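Undergrad: As input, take entry-v2.txt (compact mmCIF, C-alpha atoms (C1' of nucleotides)):
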# COMPACT_ATOMS: atom_id res chain seq x y z
CA MET A 12 -5.18 -8.54 46.13
CA ALA A 13 -3.20 -5.66 47.47
CA PRO A 14 -0.26 -6.07 45.10
CA THR A 15 -2.19 -6.01 41.83
CA THR A 16 -2.24 -9.60 40.61
CA LYS A 17 -3.12 -8.56 37.08
CA ASN A 18 -1.74 -5.89 34.79
CA PRO A 19 1.65 -7.55 34.91
CA GLY A 20 3.43 -5.29 32.44
CA ARG A 21 1.22 -2.23 32.61
CA THR A 22 3.56 0.63 33.37
CA ARG A 23 1.33 3.47 34.48
CA ALA A 24 3.45 6.56 34.20
CA THR A 25 3.04 5.89 30.57
CA TYR A 26 5.56 5.44 27.82
CA PHE A 27 4.26 8.09 25.44
CA PRO A 28 5.81 11.13 27.13
CA ARG A 29 9.25 9.57 26.85
CA LEU A 30 8.67 8.85 23.18
CA ALA A 31 7.44 12.36 22.47
CA ALA A 32 10.49 13.82 24.19
CA GLU A 33 12.92 11.68 22.21
CA ARG A 34 11.27 11.78 18.81
CA LEU A 35 10.45 15.31 17.78
CA ASP A 36 8.96 14.05 14.53
CA ILE A 37 6.49 11.81 16.34
CA ALA A 38 5.53 14.54 18.78
CA LEU A 39 4.87 16.88 15.87
CA CYS A 40 2.74 14.36 14.00
CA ARG A 41 0.68 13.36 17.02
CA ALA A 42 0.03 16.97 17.98
CA SER A 43 -0.93 17.75 14.41
CA ALA A 44 -3.35 14.84 14.28
CA ALA A 45 -5.08 16.06 17.42
CA VAL A 46 -5.30 19.61 16.09
CA ALA A 47 -6.52 18.46 12.69
CA ARG A 48 -9.24 16.46 14.37
CA ALA A 49 -10.35 19.50 16.31
CA ALA A 50 -10.28 21.62 13.17
CA ASP A 51 -12.40 19.12 11.27
CA ALA A 52 -14.91 18.97 14.09
CA HIS A 53 -15.07 22.77 14.20
CA ALA A 54 -15.42 22.99 10.43
CA GLY A 55 -18.16 20.39 10.53
CA GLU A 56 -20.19 22.46 13.00
CA GLU A 57 -19.57 25.51 10.87
CA GLY A 58 -20.72 23.67 7.74
CA LEU A 59 -17.68 24.72 5.74
CA GLY A 60 -14.67 22.42 5.31
CA VAL A 61 -11.23 23.59 6.35
CA GLY A 62 -9.95 23.58 2.79
CA GLN A 63 -13.01 25.44 1.54
CA HIS A 64 -12.55 28.08 4.20
CA LEU A 65 -8.91 28.54 3.23
CA VAL A 66 -9.80 28.93 -0.44
CA LEU A 67 -12.40 31.62 0.30
CA GLN A 68 -9.95 33.42 2.54
CA MET A 69 -7.19 33.42 -0.05
CA LEU A 70 -9.49 34.56 -2.83
CA ASP A 71 -10.59 37.41 -0.60
CA ALA A 72 -6.98 38.34 0.11
CA VAL A 73 -5.39 38.14 -3.31
CA GLY A 74 -8.27 38.18 -5.79
CA PRO A 75 -9.19 35.67 -8.51
CA CYS A 76 -6.78 32.75 -8.83
CA SER A 77 -6.25 29.63 -10.83
CA GLN A 78 -6.77 26.36 -9.00
CA GLN A 79 -3.09 25.72 -9.55
CA THR A 80 -2.10 28.81 -7.59
CA LEU A 81 -4.56 27.99 -4.85
CA SER A 82 -3.10 24.49 -4.61
CA GLU A 83 0.46 25.66 -4.33
CA GLU A 84 -0.13 28.43 -1.83
CA LEU A 85 -2.49 26.51 0.42
CA ARG A 86 -0.50 23.28 0.19
CA ILE A 87 -3.56 21.36 -0.95
CA ASP A 88 -3.07 18.78 -3.68
CA ARG A 89 -4.53 19.92 -7.00
CA SER A 90 -6.64 16.77 -7.35
CA VAL A 91 -8.18 17.58 -3.98
CA MET A 92 -8.64 21.20 -4.99
CA VAL A 93 -10.99 20.04 -7.73
CA SER A 94 -13.61 18.77 -5.32
CA VAL A 95 -13.08 21.67 -2.93
CA CYS A 96 -13.90 24.12 -5.73
CA ASP A 97 -16.73 21.91 -6.92
CA ASP A 98 -18.39 22.18 -3.53
CA LEU A 99 -17.82 25.90 -3.29
CA GLU A 100 -19.21 26.47 -6.76
CA GLN A 101 -22.24 24.32 -6.07
CA GLN A 102 -22.97 26.43 -2.97
CA GLY A 103 -22.61 29.57 -5.07
CA LEU A 104 -19.67 30.84 -3.05
CA VAL A 105 -17.27 31.02 -5.99
CA ARG A 106 -17.52 31.14 -9.78
CA ARG A 107 -15.20 29.37 -12.19
CA GLU A 108 -14.57 31.71 -15.08
CA ARG A 109 -12.28 30.76 -17.91
CA ASN A 110 -9.17 32.82 -18.09
CA PRO A 111 -9.32 34.38 -21.59
CA ARG A 112 -5.52 34.70 -21.65
CA ASP A 113 -5.04 31.00 -20.97
CA ARG A 114 -8.05 28.82 -21.46
CA ARG A 115 -6.43 25.89 -19.71
CA SER A 116 -6.87 27.54 -16.36
CA TYR A 117 -9.82 28.95 -14.54
CA ALA A 118 -10.04 32.24 -12.71
CA VAL A 119 -11.74 31.15 -9.53
CA THR A 120 -13.67 34.17 -8.30
CA LEU A 121 -15.30 34.95 -4.99
CA THR A 122 -19.00 35.80 -5.21
CA ASP A 123 -20.79 38.24 -2.93
CA LEU A 124 -22.43 35.32 -1.21
CA GLY A 125 -19.00 33.77 -0.77
CA ARG A 126 -17.68 36.95 0.78
CA ARG A 127 -20.52 37.02 3.27
CA ARG A 128 -20.10 33.34 4.06
CA LEU A 129 -16.40 33.90 4.67
CA ALA A 130 -17.03 36.83 6.99
CA GLN A 131 -19.40 34.68 8.98
CA ALA A 132 -16.98 31.76 9.19
CA GLN A 133 -14.09 34.01 10.19
CA THR A 134 -15.80 35.11 13.38
CA SER A 135 -15.50 31.68 14.97
CA ILE A 136 -11.82 31.13 14.16
CA PRO A 137 -10.29 33.04 17.11
CA ALA A 138 -12.37 31.08 19.60
CA PHE A 139 -11.41 27.85 17.90
CA LEU A 140 -7.69 28.68 18.07
CA GLU A 141 -8.03 29.85 21.65
CA ASP A 142 -9.71 26.59 22.53
CA THR A 143 -7.35 24.29 20.67
CA PHE A 144 -4.14 25.89 21.89
CA GLN A 145 -5.36 26.53 25.38
CA PRO A 146 -2.44 24.66 27.00
CA LEU A 147 -0.11 27.34 25.63
CA THR A 148 0.21 30.93 26.78
CA PRO A 149 -0.01 33.65 24.10
CA ASP A 150 3.74 34.02 24.25
CA GLU A 151 4.26 30.30 23.80
CA ARG A 152 1.91 30.30 20.83
CA HIS A 153 4.00 33.01 19.27
CA GLN A 154 7.13 30.94 19.90
CA LEU A 155 5.52 27.93 18.30
CA SER A 156 4.45 29.98 15.31
CA THR A 157 8.00 31.25 14.83
CA LEU A 158 9.53 27.78 15.11
CA LEU A 159 7.05 26.30 12.64
CA GLY A 160 7.72 29.21 10.31
CA LYS A 161 11.40 28.37 10.27
CA LEU A 162 10.66 24.72 9.75
CA LEU A 163 8.36 25.54 6.85
CA GLY A 164 10.90 27.87 5.34
CA THR A 165 8.53 30.84 5.34
CA GLY A 166 11.12 33.32 6.47
CA THR A 167 10.95 34.61 10.02
CA MET B 136 8.16 41.39 -22.62
CA ALA B 137 9.56 43.46 -19.82
CA PRO B 138 6.26 44.03 -18.00
CA THR B 139 5.05 40.43 -17.78
CA THR B 140 2.09 40.24 -20.12
CA LYS B 141 0.75 37.08 -18.52
CA ASN B 142 0.47 35.94 -14.92
CA PRO B 143 -2.06 38.67 -14.27
CA GLY B 144 -2.92 37.70 -10.71
CA ARG B 145 0.22 35.80 -9.74
CA THR B 146 1.43 37.43 -6.57
CA ARG B 147 4.99 36.28 -6.14
CA ALA B 148 5.89 37.02 -2.56
CA THR B 149 3.56 34.23 -1.83
CA TYR B 150 0.48 34.01 0.30
CA PHE B 151 1.42 30.94 2.32
CA PRO B 152 3.70 32.67 4.86
CA ARG B 153 0.90 35.02 5.82
CA LEU B 154 -1.47 32.11 6.25
CA ALA B 155 1.00 30.13 8.35
CA ALA B 156 1.54 33.14 10.60
CA GLU B 157 -2.17 33.69 11.16
CA ARG B 158 -3.34 30.12 11.46
CA LEU B 159 -1.24 28.19 13.93
CA ASP B 160 -3.28 25.07 13.27
CA ILE B 161 -2.54 25.14 9.56
CA ALA B 162 1.16 25.79 10.13
CA LEU B 163 1.28 22.82 12.48
CA CYS B 164 -0.49 20.50 10.05
CA ARG B 165 1.60 21.52 7.04
CA ALA B 166 4.84 21.14 8.96
CA SER B 167 3.70 17.77 10.22
CA ALA B 168 2.83 16.61 6.72
CA ALA B 169 6.30 17.53 5.48
CA VAL B 170 7.96 15.78 8.40
CA ALA B 171 5.77 12.70 8.03
CA ARG B 172 6.68 12.50 4.39
CA ALA B 173 10.37 12.63 5.26
CA ALA B 174 9.89 9.99 7.94
CA ASP B 175 8.10 7.67 5.53
CA ALA B 176 10.84 8.10 2.96
CA HIS B 177 13.48 7.38 5.58
CA ALA B 178 11.58 4.37 6.86
CA GLY B 179 11.20 3.12 3.31
CA GLU B 180 14.95 3.19 2.75
CA GLU B 181 15.43 1.48 6.09
CA GLY B 182 12.91 -1.21 5.15
CA LEU B 183 11.02 -0.87 8.42
CA GLY B 184 7.85 1.21 8.69
CA VAL B 185 7.63 4.03 11.20
CA GLY B 186 4.94 2.26 13.22
CA GLN B 187 6.87 -0.99 13.20
CA HIS B 188 9.97 0.77 14.45
CA LEU B 189 8.01 2.37 17.27
CA VAL B 190 6.55 -0.96 18.31
CA LEU B 191 9.95 -2.62 18.46
CA GLN B 192 11.31 0.31 20.42
CA MET B 193 8.52 0.23 22.97
CA LEU B 194 8.74 -3.52 23.42
CA ASP B 195 12.45 -3.13 24.05
CA ALA B 196 11.81 -0.40 26.59
CA VAL B 197 8.94 -1.83 28.61
CA GLY B 198 8.87 -5.55 27.82
CA PRO B 199 6.03 -7.67 26.41
CA CYS B 200 2.77 -5.80 25.84
CA SER B 201 -0.75 -6.34 24.62
CA GLN B 202 -1.61 -4.76 21.29
CA GLN B 203 -4.05 -2.62 23.22
CA THR B 204 -1.30 -1.11 25.34
CA LEU B 205 0.89 -0.57 22.32
CA SER B 206 -1.97 1.20 20.57
CA GLU B 207 -2.69 3.53 23.43
CA GLU B 208 0.90 4.47 24.19
CA LEU B 209 2.02 4.91 20.61
CA ARG B 210 -1.19 6.64 19.52
CA ILE B 211 -1.72 4.14 16.73
CA ASP B 212 -5.26 2.92 16.11
CA ARG B 213 -5.78 -0.67 17.28
CA SER B 214 -7.08 -1.77 13.90
CA VAL B 215 -3.87 -0.45 12.35
CA MET B 216 -1.82 -2.14 15.06
CA VAL B 217 -3.10 -5.49 13.81
CA SER B 218 -1.33 -5.22 10.47
CA VAL B 219 1.75 -3.63 12.01
CA CYS B 220 2.15 -6.65 14.29
CA ASP B 221 1.28 -8.99 11.42
CA ASP B 222 4.22 -7.64 9.43
CA LEU B 223 6.58 -7.76 12.38
CA GLU B 224 5.58 -11.33 13.20
CA GLN B 225 5.98 -12.42 9.60
CA GLN B 226 9.51 -11.02 9.59
CA GLY B 227 10.21 -12.89 12.81
CA LEU B 228 10.87 -9.70 14.77
CA VAL B 229 8.15 -10.31 17.37
CA ARG B 230 6.16 -13.27 18.64
CA ARG B 231 2.49 -13.18 19.60
CA GLU B 232 2.12 -15.30 22.70
CA ARG B 233 -1.20 -15.67 24.41
CA ASN B 234 -1.28 -14.07 27.80
CA PRO B 235 -2.11 -16.98 30.15
CA ARG B 236 -3.65 -14.54 32.64
CA ASP B 237 -6.01 -13.12 30.03
CA ARG B 238 -6.38 -15.15 26.91
CA ARG B 239 -8.19 -12.35 25.11
CA SER B 240 -4.96 -10.43 24.77
CA TYR B 241 -1.60 -11.29 23.32
CA ALA B 242 1.75 -10.70 24.92
CA VAL B 243 3.63 -9.30 21.98
CA THR B 244 7.26 -10.19 22.58
CA LEU B 245 10.46 -8.99 21.01
CA THR B 246 12.62 -11.74 19.50
CA ASP B 247 16.41 -11.70 19.41
CA LEU B 248 16.22 -10.99 15.72
CA GLY B 249 13.86 -8.13 16.47
CA ARG B 250 16.24 -6.71 19.01
CA ARG B 251 19.10 -6.76 16.52
CA ARG B 252 16.90 -5.25 13.82
CA LEU B 253 15.90 -2.48 16.21
CA ALA B 254 19.50 -1.73 17.14
CA GLN B 255 20.34 -1.44 13.49
CA ALA B 256 17.38 0.85 12.72
CA GLN B 257 18.13 3.06 15.73
CA THR B 258 21.52 4.07 14.39
CA SER B 259 20.06 6.05 11.52
CA ILE B 260 17.51 7.98 13.59
CA PRO B 261 19.77 10.78 14.86
CA ALA B 262 20.91 11.60 11.34
CA PHE B 263 17.32 11.59 10.15
CA LEU B 264 16.25 13.99 12.89
CA GLU B 265 19.27 16.18 12.30
CA ASP B 266 18.42 16.32 8.64
CA THR B 267 14.71 16.94 9.01
CA PHE B 268 14.98 19.63 11.66
CA GLN B 269 18.04 21.27 10.20
CA PRO B 270 16.38 24.72 9.99
CA LEU B 271 16.23 24.76 13.78
CA THR B 272 19.13 25.16 16.18
CA PRO B 273 19.46 22.57 18.97
CA ASP B 274 18.04 25.07 21.40
CA GLU B 275 15.07 25.76 19.16
CA ARG B 276 14.42 22.03 18.81
CA HIS B 277 14.31 21.79 22.55
CA GLN B 278 11.84 24.68 22.67
CA LEU B 279 9.68 23.00 20.08
CA SER B 280 9.76 19.74 21.98
CA THR B 281 8.67 21.49 25.16
CA LEU B 282 5.83 23.33 23.43
CA LEU B 283 4.56 20.17 21.76
CA GLY B 284 4.80 18.37 25.07
CA LYS B 285 2.50 20.93 26.65
CA LEU B 286 0.13 20.72 23.73
CA LEU B 287 0.04 16.94 23.99
CA GLY B 288 -0.49 17.07 27.73
CA THR B 289 2.56 15.00 28.49
CA GLY B 290 3.61 17.00 31.50
CA THR B 291 6.53 19.41 31.14
C1' DT C 144 -23.28 -21.05 40.14
C1' DG C 145 -25.15 -18.19 36.13
C1' DC C 146 -25.77 -14.11 33.41
C1' DA C 147 -24.94 -9.31 31.75
C1' DA C 148 -21.44 -6.07 30.63
C1' DA C 149 -16.81 -5.02 29.45
C1' DT C 150 -12.49 -6.00 26.98
C1' DC C 151 -9.14 -7.70 23.32
C1' DA C 152 -8.05 -8.59 18.71
C1' DT C 153 -9.97 -8.62 14.28
C1' DC C 154 -12.65 -7.49 10.15
C1' DT C 155 -15.39 -4.46 7.14
C1' DG C 156 -16.68 -0.29 5.03
C1' DC C 157 -16.08 4.65 4.46
C1' DT C 158 -13.39 8.79 3.80
C1' DG C 159 -9.49 11.62 2.59
C1' DT C 160 -4.96 11.86 0.41
C1' DC C 161 -1.72 11.18 -3.09
C1' DA C 162 0.61 9.44 -7.56
C1' DA C 163 0.02 8.70 -12.15
C1' DA C 164 -2.29 9.09 -16.47
C1' DC C 165 -5.26 11.72 -19.58
C1' DG C 166 -7.44 15.46 -22.69
C1' DA C 167 -7.30 20.26 -23.75
C1' DT C 168 -4.58 24.14 -24.46
C1' DT C 169 -0.45 26.95 -24.76
C1' DG C 170 4.38 28.43 -25.83
C1' DG C 171 8.60 27.76 -28.21
C1' DT C 172 11.26 26.22 -32.20
C1' DA C 173 12.38 24.99 -36.70
C1' DT D 46 3.23 26.81 -40.89
C1' DA D 47 4.00 22.17 -38.18
C1' DC D 48 5.53 19.92 -34.18
C1' DC D 49 7.13 18.98 -29.39
C1' DA D 50 7.27 19.92 -24.60
C1' DA D 51 5.01 21.98 -20.77
C1' DT D 52 0.92 23.38 -18.14
C1' DC D 53 -3.99 23.25 -16.18
C1' DG D 54 -7.79 20.78 -14.62
C1' DT D 55 -9.64 16.28 -14.16
C1' DT D 56 -10.18 11.30 -13.45
C1' DT D 57 -8.63 6.96 -11.79
C1' DG D 58 -6.52 3.60 -8.72
C1' DA D 59 -4.00 2.53 -4.59
C1' DC D 60 -3.46 3.07 0.23
C1' DA D 61 -3.65 4.75 5.16
C1' DG D 62 -6.70 6.03 8.98
C1' DC D 63 -10.75 5.66 11.55
C1' DA D 64 -15.68 4.16 13.20
C1' DG D 65 -18.42 0.44 14.01
C1' DA D 66 -19.63 -4.45 14.27
C1' DT D 67 -18.16 -9.27 15.58
C1' DG D 68 -16.37 -13.41 18.15
C1' DA D 69 -13.80 -15.04 21.98
C1' DT D 70 -12.87 -14.33 26.62
C1' DT D 71 -12.99 -12.25 31.12
C1' DT D 72 -15.02 -9.68 35.00
C1' DG D 73 -18.61 -8.14 38.13
C1' DC D 74 -22.69 -9.07 40.44
C1' DA D 75 -26.87 -11.39 41.80
Go ahead and express the file in the form of structure tokens.
TA:
Amino acid sequence: MAPTTKNPGRTRATYFPRLAAERLDIALCRASAAVARAADAHAGEEGLGVGQHLVLQMLDAVGPCSQQTLSEELRIDRSVMVSVCDDLEQQGLVRRERNPRDRRSYAVTLTDLGRRRLAQAQTSIPAFLEDTFQPLTPDERHQLSTLLGKLLGTGT
Amino acid sequence: MAPTTKNPGRTRATYFPRLAAERLDIALCRASAAVARAADAHAGEEGLGVGQHLVLQMLDAVGPCSQQTLSEELRIDRSVMVSVCDDLEQQGLVRRERNPRDRRSYAVTLTDLGRRRLAQAQTSIPAFLEDTFQPLTPDERHQLSTLLGKLLGTGT
DNA sequence: TGCAAATCATCTGCTGTCAAACGATTGGTA
DNA sequence: TACCAATCGTTTGACAGCAGATGATTTGCA
């Protein structure tokens, strides 16, 4: 069985690279799926979901926010934001205070515990990014960041 | 109401650009989500799902395949591949023939109708890509493709 | 040969995401 | 004032994606 009798149509030197080269949209989606998987795994070890981390980080950066604002800025659907804030509140990392000016909205507020939890979670992010984007040099990562920025319409 | 009495914490000059610049993983996922949404919309108009299109294209390129091979090369879960092939078969675009060498697997085969349908669907792809990646110059698209290729481990 | 392990396609159940609808509240207009 | 549209948070239902189990079949090895 020198000339492989089986695997009649199996073209090693696979098809995927060709596809990824031709279809930029597919390449982007597949890469994103891999990265998202890694991020979820990392977040799982850390005990704080990706979305929850982002909410804490934004609250720390810009102060108390409505869930609406958090949704828009973090690109997380508002119906998802509900459960994200539920979890955070239950862990005592944020408080939901009614906005006296507009009682329809909350003013989601970072607690001291939340601030400490965020600081702790932040420490592992650089290593995670380093690990996930290891195939790229620092310069290439910067290129990628710029290109994605343009694609997202977030200025340069 | 010259000094806006409401919107106390609303920081226009939004937060998202900062986030996207710091967190390459988030930028990648958000960009991918936007692109995927556009692709789904395009595929909807075309009447052929993204996965179904990819299957037809691969069959045309490499000949009859098992669902397993299609799954691996297209990065589509095998349990999802089942319904993708179901749809294609029901529309008469592929046939599922048993592989006589290995009756566990199918040899999914492109029909003439499938080949014509593929040719028709292909024509609208360039315009879709042009539209979706409009913020990027051709050179930048090539850069992005190269970077994603490295990230996906598909050689240069 | 006969038997254990691996493989292919499929099915089931779980999770996360999104669209749409809903109550509560607000702002604007007559 | 009374009323209508818009907004915020929430709930619900539909749907895709993935892990794991299952049945049929094949392969490897004694």
Undergrad: Dump as a ChimeraX atom specification the residues of chain A that approach chain C to within 10 Å, counting only C-alpha atoms (C1' of nucleotides).
TA: /A:87-91,112-116
Undergrad: Output as a ChimeraX atom specification the set of chain B residues within 8 Å of chain A, with distances taken over only C-alpha atoms.
TA: /B:141,144-146,149-152,155-156,159-160,162-168,170-171,174,193,197-200,204,208-210,236,264,268,270-271,275-276,279-290
Undergrad: Have a look at CA of Thr122 in chain A and CA of Leu67 in chain A and let me know their distance in Å, one decimal.
TA: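 CA of Leu67 in chain A lies 9.6 Å from CA of Thr122 in chain A.
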Undergrad: Kindly give the distance, in Å, that separates CA of Glu56 in chain A and CA of Val95 in chain A, rounded to a single decimal.
TA: 17.5 Å
Undergrad: How many Å separate CA of Arg106 in chain A from CA of Gln78 in chain A?
TA: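 Going from CA of Arg106 in chain A over to CA of Gln78 in chain A, I get 11.8 Å.
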Undergrad: Taking only C-alpha atoms (C1' of nucleotides) into account, which residues of chain D are within 12 Å of chain B, as a PyMOL selection string?
TA: chain D and resi 61-65+68-72
Undergrad: Give as a list of chain:residue names the set of residues within 12 Å of the point (-18.9, 31.6, 7.5), where distances use the file's coordinates and all atoms listed in the file.
TA: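 The requested residues, written out, are A:His53, A:Ala54, A:Gly55, A:Glu56, A:Glu57, A:Gly58, A:Leu59, A:Gly60, A:Val61, A:Gln63, A:His64, A:Leu65, A:Leu67, A:Gln68, A:Leu104, A:Leu124, A:Gly125, A:Arg126, A:Arg127, A:Arg128, A:Leu129, A:Ala130, A:Gln131, A:Ala132, A:Gln133, A:Thr134, A:Ser135, A:Ile136.
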